[in-house]
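Novice: Next up is a structure, given as structure tokens.
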Amino acid sequence: MANPNAVVSRYVRLVQSDEANLAARGASEFELEGGRRVRLDPQNPRSAGLARVLAGLAELGHPVYLELDEGTGAVSRLLVPKTGPVDSVREVDGGLEVVLEKSHARHLLSRDDPDYAEAERTLREAVSGKTGVILTADDSQRIVDLRFFEPGPDDGPVRQPPKTSWIERFLLWPFWPWRWFYYRCLSPRQAQQIFDAMSATTCNPLTVPPPCIPFMYPDDGCWARAHEMARLMIGLGVTPRKVWISGSLHTPTRNNHNCFVNWAWHVAPVLCVRARQWWPFWWSGTTMVIDPSLFTTPVTVAAWKAVQGDPSATLTYTPWTDYLWGATDPGFTQTNYYLGVYRLALQNRSIGPDGPPPYANCP
């Protein structure tokens, strides 16, 4: 994927830390891997925003993809790469569909890409050897750059979701009265209040102040959003579970200017909501999904599944502690890291030519 004007670096460091330049003009200088330095054009109205994104990536220690103006050498385009082992590669119309182990997006390697053959070899070798890659995709989830990456200690293989035992299924049978106590079923009003509290944490797309949750960047990072919501819900006195969906998901959204995103899976917290308010059914409940990236109110699991475009998709329920397909994150360090990455991806999108989401061209 050899764009002669593109640079991919495992890290970026702020060299010129003049806050006035950083905030107002974007006339800052940054150091990349190998000691290479790049600068921002102070005449470019996007440079102030680019400087903030680059400074954020520097703080996280996250890789960066940059395209440089051929004439001036200044940064003209910035994308936030993804790293880690390749989970799957499959043939689809138009090329190869690529899913990384730490990403739920379905990325497309187009056969029209002039470096298709080389990139395909890289992917096949990465899959066979469980070698990590740095993958950079645009807002259409089309791969624009792909290269090998030596994975770190956190880039291990994804574990499969734990199966619910027959004992737990027995105890959680919908008609047992103690299920209300196990789930701490809420009233519909309480469930909406919890939803509103989660939704209120959404990021301003142009400033993305931590600890906001980037619901307006649906492209990736759902596992981090779901884990942070679970933490916040526990702080509010309720204990959620999680529901995971796997399939060829094609989900409409106004928060991507293409009006849809393609996922291989998705996850969100669920709560038990009382279906009846009177005796003798006061203890019966319905599982409702809390997902502000897709809805404005709690919805049933069936409604949540239906909007994601694959009737044959499969569902898996886990405890809230399942951070990523069986892996846990008890200190929320990985959660905070990936929330930070996708806050910056949202900010980078918002300073682009289409402006911040939601997009008026989407229904």
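Each chain in the structure tokens gets a letter, A, B, ..., in the order shown, and its residues are numbered from 1; ligands are numbered from 1 in order too.
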At a cut-off of 12 Å, can you tabulate as JSON lines every residue of stretch 171-261 of chain A near stretch 31-55 of chain A together with its closest atom pair and the distance in Å to one decimal, using only C-alpha atoms and ordering rows by chain then number?
Specialist:
{"residue": "A:Pro205", "atom": "CA", "partner": "A:Gly49", "partner_atom": "CA", "distance": 11.4}
{"residue": "A:Leu206", "atom": "CA", "partner": "A:Gly49", "partner_atom": "CA", "distance": 8.3}
{"residue": "A:Thr207", "atom": "CA", "partner": "A:Arg52", "partner_atom": "CA", "distance": 9.0}
{"residue": "A:Val208", "atom": "CA", "partner": "A:Val53", "partner_atom": "CA", "distance": 10.1}
{"residue": "A:Pro209", "atom": "CA", "partner": "A:Arg52", "partner_atom": "CA", "distance": 11.5}
Novice: I need the residues from that last selection saved to file as a tab-separated table (two decimals), in the first residue's frame (with N, CA and C atoms), if you can.
Specialist:
chain	number	residue	atom	x	y	z
A	205	PRO	N	-18.42	16.35	19.33
A	205	PRO	CA	-17.52	15.78	18.33
A	205	PRO	C	-16.33	16.64	17.96
A	206	LEU	N	-16.38	17.93	18.25
A	206	LEU	CA	-15.26	18.81	17.89
A	206	LEU	C	-14.23	18.96	19.01
A	207	THR	N	-14.64	18.67	20.25
A	207	THR	CA	-13.71	18.84	21.37
A	207	THR	C	-13.43	17.55	22.13
A	208	VAL	N	-14.32	16.58	22.05
A	208	VAL	CA	-14.21	15.25	22.67
A	208	VAL	C	-13.57	15.27	24.06
A	209	PRO	N	-14.11	16.01	25.00
A	209	PRO	CA	-13.45	16.10	26.32
A	209	PRO	C	-13.60	14.80	27.11
Novice: May I have the residues within 7 Å of A:Gly132 as a list in words, using only C-alpha atoms and disregarding those fewer than 2 positions away in the same chain?
Specialist: Thr83, Gly84, Pro85, Val86, Ala126, Lys130, Phe148, Phe149, Glu150 and Pro151 of chain A
Novice: Residues within 9 Å of A:Pro188, please, as a list in words. Count only C-alpha atoms; anything in the same chain fewer than 6 positions from it doesn't count.
Specialist: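 Those residues are Val273, Arg274, Ala275 and Pro298 of chain A.
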Novice: Using N, CA and C atoms, can you write the selected residues to a file as a PDB file, in the first residue's frame?
Specialist:
ATOM      1  N   VAL A 273     -36.013  -5.111  32.706  1.00  0.00           N
ATOM      2  CA  VAL A 273     -37.030  -4.075  32.914  1.00  0.00           C
ATOM      3  C   VAL A 273     -38.355  -4.770  33.188  1.00  0.00           C
ATOM      4  N   ARG A 274     -39.001  -4.370  34.270  1.00  0.00           N
ATOM      5  CA  ARG A 274     -40.246  -5.024  34.656  1.00  0.00           C
ATOM      6  C   ARG A 274     -41.306  -4.840  33.575  1.00  0.00           C
ATOM      7  N   ALA A 275     -41.909  -5.957  33.199  1.00  0.00           N
ATOM      8  CA  ALA A 275     -42.952  -5.910  32.176  1.00  0.00           C
ATOM      9  C   ALA A 275     -44.322  -5.650  32.779  1.00  0.00           C
ATOM     10  N   PRO A 298     -34.330   2.725  25.623  1.00  0.00           N
ATOM     11  CA  PRO A 298     -34.098   1.283  25.727  1.00  0.00           C
ATOM     12  C   PRO A 298     -34.966   0.525  24.730  1.00  0.00           C
TER      13      PRO A 298
END
Novice: Can you check which residues of stretch 211-320 of chain A DSSP gives as helix (DSSP H, G or I) on the backbone and send them as a count of residues only?
Specialist: 20
Novice: Between A:Glu120, A:Glu228, A:Asp138, A:Asp69, single out the one closest to A:Phe215, counting only C-alpha atoms.
Specialist: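 Going through A:Glu120, A:Glu228, A:Asp138, A:Asp69 one by one, the smallest distance to A:Phe215 is for A:Glu228.
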Novice: Just asking: which residues within stretch 61-308 of chain A are strand (DSSP E or B) according to DSSP, as an NGL selection string?
Specialist: :A and (64-68 or 75-79 or 82-92 or 95-100 or 105 or 107-110 or 132-137 or 142-149 or 186 or 202 or 213 or 241-252 or 260-274 or 285-289 or 299-300)
Novice: What does the distance between atom CA of A:Tyr11 and atom CA of A:Val64 come to in Å, to one decimal place?
Specialist: 6.6 Å
Novice: Between atom CA of A:Pro63 and atom CA of A:Gln347, measure the distance and give it in Å to one decimal.
Specialist: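 For atom CA of A:Pro63 relative to atom CA of A:Gln347, the distance reads 16.0 Å.
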Novice: Suppose you want the space between atom CA of A:Leu14 and atom CA of A:Glu29; what is it in Å?
Specialist: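 So the answer is 6.5 Å.
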Novice: So that I can see what lies close to A:Pro214, please list as a PyMOL selection string the residues with an atom at most 6 Å from it, counting only C-alpha atoms and leaving out residues fewer than 5 positions away in the same chain.
Specialist: chain A and resi 202-203+343
Novice: Which residues, written as a PDB file with N, CA and C atoms, in the first residue's frame, have at least one atom at most 9 Å from A:Ser199, with only C-alpha atoms counted and residues fewer than 5 positions away on the same chain left out?
Specialist:
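Resulting contents of out-v4.pdb:
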ATOM      1  N   ILE A 194     -31.786   5.558  33.272  1.00  0.00           N
ATOM      2  CA  ILE A 194     -30.438   5.007  33.093  1.00  0.00           C
ATOM      3  C   ILE A 194     -29.951   5.285  31.672  1.00  0.00           C
ATOM      4  N   ILE A 213     -18.081   9.566  26.171  1.00  0.00           N
ATOM      5  CA  ILE A 213     -18.155   8.307  25.424  1.00  0.00           C
ATOM      6  C   ILE A 213     -18.465   8.650  23.966  1.00  0.00           C
ATOM      7  N   PHE A 215     -20.190   7.959  21.355  1.00  0.00           N
ATOM      8  CA  PHE A 215     -21.323   7.292  20.709  1.00  0.00           C
ATOM      9  C   PHE A 215     -21.476   7.753  19.256  1.00  0.00           C
ATOM     10  N   ASP A 291     -28.289   1.239  24.278  1.00  0.00           N
ATOM     11  CA  ASP A 291     -27.303   1.463  23.208  1.00  0.00           C
ATOM     12  C   ASP A 291     -27.517   2.837  22.567  1.00  0.00           C
ATOM     13  N   PRO A 292     -26.975   3.906  23.171  1.00  0.00           N
ATOM     14  CA  PRO A 292     -27.146   5.251  22.603  1.00  0.00           C
ATOM     15  C   PRO A 292     -26.464   5.452  21.258  1.00  0.00           C
ATOM     16  N   SER A 293     -25.613   4.523  20.824  1.00  0.00           N
ATOM     17  CA  SER A 293     -25.026   4.653  19.496  1.00  0.00           C
ATOM     18  C   SER A 293     -26.038   4.349  18.399  1.00  0.00           C
ATOM     19  N   THR A 296     -32.506   6.052  20.936  1.00  0.00           N
ATOM     20  CA  THR A 296     -32.727   7.136  21.899  1.00  0.00           C
ATOM     21  C   THR A 296     -33.500   6.663  23.115  1.00  0.00           C
TER      22      THR A 296
END
Novice: Counting only C-alpha atoms, give me one row per residue of stretch 89-154 of chain A with an atom at most 9 Å from an atom of stretch 261-271 of chain A, showing the shortest contact pair and its distance in Å to one decimal, sorted by chain then residue number, as a tab-separated table.
Specialist:
residue	atom	partner	partner_atom	distance
A:Val99	CA	A:Ala264	CA	7.3
A:Ser103	CA	A:Ala264	CA	8.6
A:His104	CA	A:Ala264	CA	5.3
A:Ala105	CA	A:Trp263	CA	4.4
A:Arg106	CA	A:Trp263	CA	5.1
A:His107	CA	A:Asn262	CA	8.0
A:Ser140	CA	A:Val261	CA	7.9
A:Gln141	CA	A:Asn262	CA	8.0
Novice: Find the residues around A:Arg147 up to 8 Å (only C-alpha atoms counted), leave out those fewer than 3 positions away in its own chain, and share them as a ChimeraX atom specification.
Specialist: /A:1,119,122,133-135
Novice: Between A:Pro81, A:Gly71, A:Gly237, A:Pro252, which has the minimum distance to A:Ala345 (counting only C-alpha atoms)?
Specialist: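 Of all the options, A:Pro81 lies closest to A:Ala345.
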